[in-house]
Amino acid sequence: MRVGDQAYGAVVLRSSQIVGEAPSRVVTAGDLTAHAEREALRDAIRQGNAEISGCELVSTSRPCRKCETVATEARIAQM
């Protein structure tokens, strides 16, 4: 919220290690798809974790349907 966006965040975990993390960037990026969950998945991939299947996605709130779909397509094991 300090940077002017929504108060949501998410992390992608592999064996309890953070491999991706992000806040919501919907407002600051002007991108309706920049939910924290998707941004955390994107961060994991940017950091060289192209294979994120089997990882866990942890969010500060229940992911929306679209984020759940993206996580399922990425083969996230648990949300």
# chains A, B, ... in the order shown; residues from 1 in each chain; ligands from 1
>>> select_by_dssp(residues="stretch 3-76 of chain A", states="strand (DSSP E or B)", output="list of chain:residue names")
A:Gly9, A:Ala10, A:Val11, A:Val12, A:Leu13, A:Arg14, A:Gln17, A:Ile18, A:Val19, A:Gly20, A:Glu21, A:Ala22, A:Pro23, A:Glu56, A:Leu57, A:Val58, A:Ser59
>>> write_last_selection(atoms="N, CA, C and O atoms", output="compact mmCIF listing (two decimals), in the first residue's frame")
# COMPACT_ATOMS: atom_id res chain seq x y z
N GLY A 9 0.01 -9.93 -1.51
CA GLY A 9 1.33 -10.42 -1.83
C GLY A 9 1.28 -11.93 -2.00
O GLY A 9 0.34 -12.58 -1.55
N ALA A 10 2.30 -12.49 -2.67
CA ALA A 10 2.36 -13.93 -2.88
C ALA A 10 3.81 -14.37 -3.02
O ALA A 10 4.67 -13.59 -3.41
N VAL A 11 4.04 -15.63 -2.68
CA VAL A 11 5.36 -16.24 -2.87
C VAL A 11 5.17 -17.62 -3.51
O VAL A 11 4.16 -18.28 -3.31
N VAL A 12 6.18 -18.03 -4.26
CA VAL A 12 6.24 -19.37 -4.83
C VAL A 12 7.33 -20.10 -4.06
O VAL A 12 8.45 -19.60 -3.94
N LEU A 13 6.98 -21.26 -3.49
CA LEU A 13 7.92 -22.02 -2.68
C LEU A 13 8.25 -23.36 -3.33
O LEU A 13 7.35 -24.04 -3.85
N ARG A 14 9.52 -23.72 -3.27
CA ARG A 14 9.96 -25.06 -3.63
C ARG A 14 10.72 -25.59 -2.42
O ARG A 14 11.74 -25.03 -2.04
N GLN A 17 11.69 -23.10 0.18
CA GLN A 17 12.57 -22.02 -0.28
C GLN A 17 11.78 -21.11 -1.21
O GLN A 17 11.10 -21.59 -2.13
N ILE A 18 11.89 -19.81 -1.03
CA ILE A 18 11.21 -18.86 -1.91
C ILE A 18 11.95 -18.81 -3.24
O ILE A 18 13.13 -18.52 -3.29
N VAL A 19 11.22 -19.12 -4.31
CA VAL A 19 11.80 -19.04 -5.66
C VAL A 19 11.18 -17.92 -6.48
O VAL A 19 11.62 -17.63 -7.58
N GLY A 20 10.13 -17.30 -5.94
CA GLY A 20 9.49 -16.16 -6.59
C GLY A 20 8.62 -15.44 -5.58
O GLY A 20 8.02 -16.08 -4.71
N GLU A 21 8.55 -14.12 -5.69
CA GLU A 21 7.73 -13.35 -4.76
C GLU A 21 7.33 -12.03 -5.42
O GLU A 21 8.05 -11.51 -6.27
N ALA A 22 6.17 -11.53 -5.01
CA ALA A 22 5.73 -10.26 -5.58
C ALA A 22 4.50 -9.72 -4.85
O ALA A 22 3.72 -10.49 -4.30
N PRO A 23 4.36 -8.40 -4.87
CA PRO A 23 3.13 -7.78 -4.41
C PRO A 23 2.18 -7.63 -5.60
O PRO A 23 2.57 -7.85 -6.75
N GLU A 56 4.68 -24.67 -4.48
CA GLU A 56 3.53 -24.22 -3.70
C GLU A 56 3.38 -22.71 -3.89
O GLU A 56 4.37 -21.98 -3.90
N LEU A 57 2.16 -22.25 -4.05
CA LEU A 57 1.88 -20.82 -4.18
C LEU A 57 1.15 -20.38 -2.92
O LEU A 57 0.09 -20.90 -2.58
N VAL A 58 1.75 -19.43 -2.21
CA VAL A 58 1.18 -18.92 -0.96
C VAL A 58 0.81 -17.46 -1.17
O VAL A 58 1.63 -16.67 -1.65
N SER A 59 -0.41 -17.11 -0.81
CA SER A 59 -0.92 -15.76 -1.03
C SER A 59 -1.53 -15.21 0.24
O SER A 59 -1.97 -15.97 1.11
>>> residues_around(residues="stretch 62-73 of chain A", least_positions_apart="6", cutoff="12 Å", atoms="only C-alpha atoms", output="ChimeraX atom specification")
/A:8-10,12,24,32-42,52-56,79
>>> write_last_selection(atoms="all heavy atoms", output="short mmCIF file (atom, residue, chain, number, x, y, z; two decimals), in the first residue's frame")
data_model
loop_
_atom_site.label_atom_id
_atom_site.label_comp_id
_atom_site.auth_asym_id
_atom_site.auth_seq_id
_atom_site.Cartn_x
_atom_site.Cartn_y
_atom_site.Cartn_z
N TYR A 8 -1.87 -6.91 -1.31
CA TYR A 8 -1.80 -8.36 -1.54
C TYR A 8 -0.37 -8.72 -1.89
O TYR A 8 0.35 -7.94 -2.50
CB TYR A 8 -2.72 -8.80 -2.69
CG TYR A 8 -4.17 -8.48 -2.47
CD1 TYR A 8 -4.81 -7.50 -3.21
CD2 TYR A 8 -4.90 -9.17 -1.50
CE1 TYR A 8 -6.15 -7.21 -3.00
CE2 TYR A 8 -6.24 -8.87 -1.29
CZ TYR A 8 -6.86 -7.89 -2.05
OH TYR A 8 -8.18 -7.61 -1.84
N GLY A 9 0.01 -9.93 -1.51
CA GLY A 9 1.33 -10.42 -1.83
C GLY A 9 1.28 -11.93 -2.00
O GLY A 9 0.34 -12.58 -1.55
N ALA A 10 2.30 -12.49 -2.67
CA ALA A 10 2.36 -13.93 -2.88
C ALA A 10 3.81 -14.37 -3.02
O ALA A 10 4.67 -13.59 -3.41
CB ALA A 10 1.57 -14.32 -4.13
N VAL A 12 6.18 -18.03 -4.26
CA VAL A 12 6.24 -19.37 -4.83
C VAL A 12 7.33 -20.10 -4.06
O VAL A 12 8.45 -19.60 -3.94
CB VAL A 12 6.59 -19.35 -6.34
CG1 VAL A 12 6.67 -20.76 -6.90
CG2 VAL A 12 5.55 -18.53 -7.11
N SER A 24 0.97 -7.20 -5.32
CA SER A 24 0.06 -6.84 -6.40
C SER A 24 0.62 -5.61 -7.10
O SER A 24 1.14 -4.70 -6.46
CB SER A 24 -1.32 -6.51 -5.83
OG SER A 24 -2.14 -5.99 -6.85
N LEU A 32 -4.46 -5.14 -15.32
CA LEU A 32 -5.47 -5.90 -14.58
C LEU A 32 -5.06 -7.35 -14.32
O LEU A 32 -5.66 -8.02 -13.49
CB LEU A 32 -6.81 -5.86 -15.31
CG LEU A 32 -7.46 -4.48 -15.42
CD1 LEU A 32 -8.73 -4.54 -16.25
CD2 LEU A 32 -7.75 -3.92 -14.04
N THR A 33 -4.03 -7.84 -15.01
CA THR A 33 -3.57 -9.21 -14.78
C THR A 33 -2.41 -9.28 -13.78
O THR A 33 -1.91 -10.36 -13.51
CB THR A 33 -3.12 -9.88 -16.09
OG1 THR A 33 -1.91 -9.27 -16.55
CG2 THR A 33 -4.19 -9.80 -17.16
N ALA A 34 -1.98 -8.16 -13.25
CA ALA A 34 -0.80 -8.13 -12.38
C ALA A 34 -1.14 -8.42 -10.92
O ALA A 34 -0.65 -7.78 -10.00
CB ALA A 34 -0.09 -6.79 -12.52
N HIS A 35 -1.98 -9.44 -10.71
CA HIS A 35 -2.29 -9.87 -9.35
C HIS A 35 -1.01 -10.43 -8.73
O HIS A 35 -0.12 -10.92 -9.44
CB HIS A 35 -3.36 -10.97 -9.36
CG HIS A 35 -4.69 -10.48 -9.80
ND1 HIS A 35 -5.83 -11.26 -9.67
CD2 HIS A 35 -5.10 -9.33 -10.36
CE1 HIS A 35 -6.87 -10.59 -10.14
NE2 HIS A 35 -6.45 -9.42 -10.56
N ALA A 36 -0.92 -10.40 -7.41
CA ALA A 36 0.28 -10.85 -6.70
C ALA A 36 0.65 -12.28 -7.07
O ALA A 36 1.83 -12.58 -7.26
CB ALA A 36 0.06 -10.72 -5.20
N GLU A 37 -0.34 -13.15 -7.21
CA GLU A 37 -0.06 -14.55 -7.52
C GLU A 37 0.62 -14.68 -8.89
O GLU A 37 1.63 -15.38 -9.02
CB GLU A 37 -1.36 -15.38 -7.51
CG GLU A 37 -2.03 -15.43 -6.16
CD GLU A 37 -2.94 -14.23 -5.87
OE1 GLU A 37 -3.06 -13.32 -6.72
OE2 GLU A 37 -3.53 -14.21 -4.78
N ARG A 38 0.09 -14.02 -9.87
CA ARG A 38 0.69 -14.09 -11.22
C ARG A 38 2.06 -13.43 -11.24
O ARG A 38 2.98 -13.91 -11.89
CB ARG A 38 -0.22 -13.42 -12.24
CG ARG A 38 -1.48 -14.18 -12.49
CD ARG A 38 -2.20 -13.58 -13.65
NE ARG A 38 -3.60 -13.88 -13.57
CZ ARG A 38 -4.47 -13.58 -14.52
NH1 ARG A 38 -4.07 -12.95 -15.59
NH2 ARG A 38 -5.72 -13.90 -14.39
N GLU A 39 2.18 -12.33 -10.53
CA GLU A 39 3.47 -11.64 -10.48
C GLU A 39 4.52 -12.51 -9.79
O GLU A 39 5.69 -12.52 -10.20
CB GLU A 39 3.33 -10.30 -9.77
CG GLU A 39 2.53 -9.27 -10.55
CD GLU A 39 3.24 -8.85 -11.83
OE1 GLU A 39 4.24 -8.12 -11.74
OE2 GLU A 39 2.77 -9.26 -12.92
N ALA A 40 4.14 -13.25 -8.77
CA ALA A 40 5.08 -14.15 -8.09
C ALA A 40 5.51 -15.29 -9.03
O ALA A 40 6.68 -15.66 -9.06
CB ALA A 40 4.46 -14.71 -6.81
N LEU A 41 4.57 -15.82 -9.79
CA LEU A 41 4.91 -16.85 -10.78
C LEU A 41 5.85 -16.28 -11.83
O LEU A 41 6.85 -16.92 -12.20
CB LEU A 41 3.64 -17.40 -11.43
CG LEU A 41 2.70 -18.19 -10.51
CD1 LEU A 41 1.38 -18.46 -11.21
CD2 LEU A 41 3.34 -19.49 -10.07
N ARG A 42 5.56 -15.08 -12.31
CA ARG A 42 6.43 -14.43 -13.30
C ARG A 42 7.82 -14.19 -12.72
O ARG A 42 8.83 -14.37 -13.41
CB ARG A 42 5.81 -13.10 -13.74
CG ARG A 42 4.55 -13.27 -14.57
CD ARG A 42 3.87 -11.94 -14.80
NE ARG A 42 2.64 -12.12 -15.57
CZ ARG A 42 1.59 -11.30 -15.54
NH1 ARG A 42 1.63 -10.21 -14.78
NH2 ARG A 42 0.53 -11.54 -16.26
N ILE A 52 8.42 -24.67 -12.65
CA ILE A 52 7.82 -24.39 -11.34
C ILE A 52 6.75 -25.41 -10.97
O ILE A 52 6.09 -25.27 -9.95
CB ILE A 52 7.26 -22.95 -11.26
CG1 ILE A 52 6.25 -22.69 -12.37
CG2 ILE A 52 8.39 -21.94 -11.28
CD1 ILE A 52 5.56 -21.35 -12.28
N SER A 53 6.60 -26.44 -11.80
CA SER A 53 5.62 -27.47 -11.46
C SER A 53 6.03 -28.13 -10.15
O SER A 53 7.21 -28.29 -9.86
CB SER A 53 5.50 -28.51 -12.58
OG SER A 53 6.69 -29.24 -12.70
N GLY A 54 5.04 -28.43 -9.34
CA GLY A 54 5.30 -29.04 -8.05
C GLY A 54 5.54 -28.05 -6.93
O GLY A 54 5.61 -28.43 -5.77
N CYS A 55 5.67 -26.77 -7.28
CA CYS A 55 5.88 -25.75 -6.25
C CYS A 55 4.57 -25.43 -5.54
O CYS A 55 3.50 -25.84 -5.96
CB CYS A 55 6.44 -24.47 -6.88
SG CYS A 55 8.15 -24.61 -7.41
N GLU A 56 4.68 -24.67 -4.48
CA GLU A 56 3.53 -24.22 -3.70
C GLU A 56 3.38 -22.71 -3.89
O GLU A 56 4.37 -21.98 -3.90
CB GLU A 56 3.75 -24.53 -2.23
CG GLU A 56 2.62 -24.13 -1.33
CD GLU A 56 2.88 -24.50 0.13
OE1 GLU A 56 3.94 -25.04 0.45
OE2 GLU A 56 1.98 -24.21 0.94
N MET A 79 -1.97 -24.56 -3.42
CA MET A 79 -2.21 -23.13 -3.21
C MET A 79 -2.75 -22.93 -1.82
O MET A 79 -3.52 -23.71 -1.33
CB MET A 79 -3.21 -22.58 -4.23
CG MET A 79 -2.66 -22.50 -5.61
SD MET A 79 -3.82 -21.71 -6.74
CE MET A 79 -4.60 -23.14 -7.43
#
>>> closest_residue(among="A:Arg75, A:Gln6, A:Glu51, A:Asp43", to="A:Gly30", atoms="only C-alpha atoms")
A:Gln6
>>> atom_distance(atom1="atom CA of A:Val3", atom2="atom CA of A:Thr28")
7.9 Å
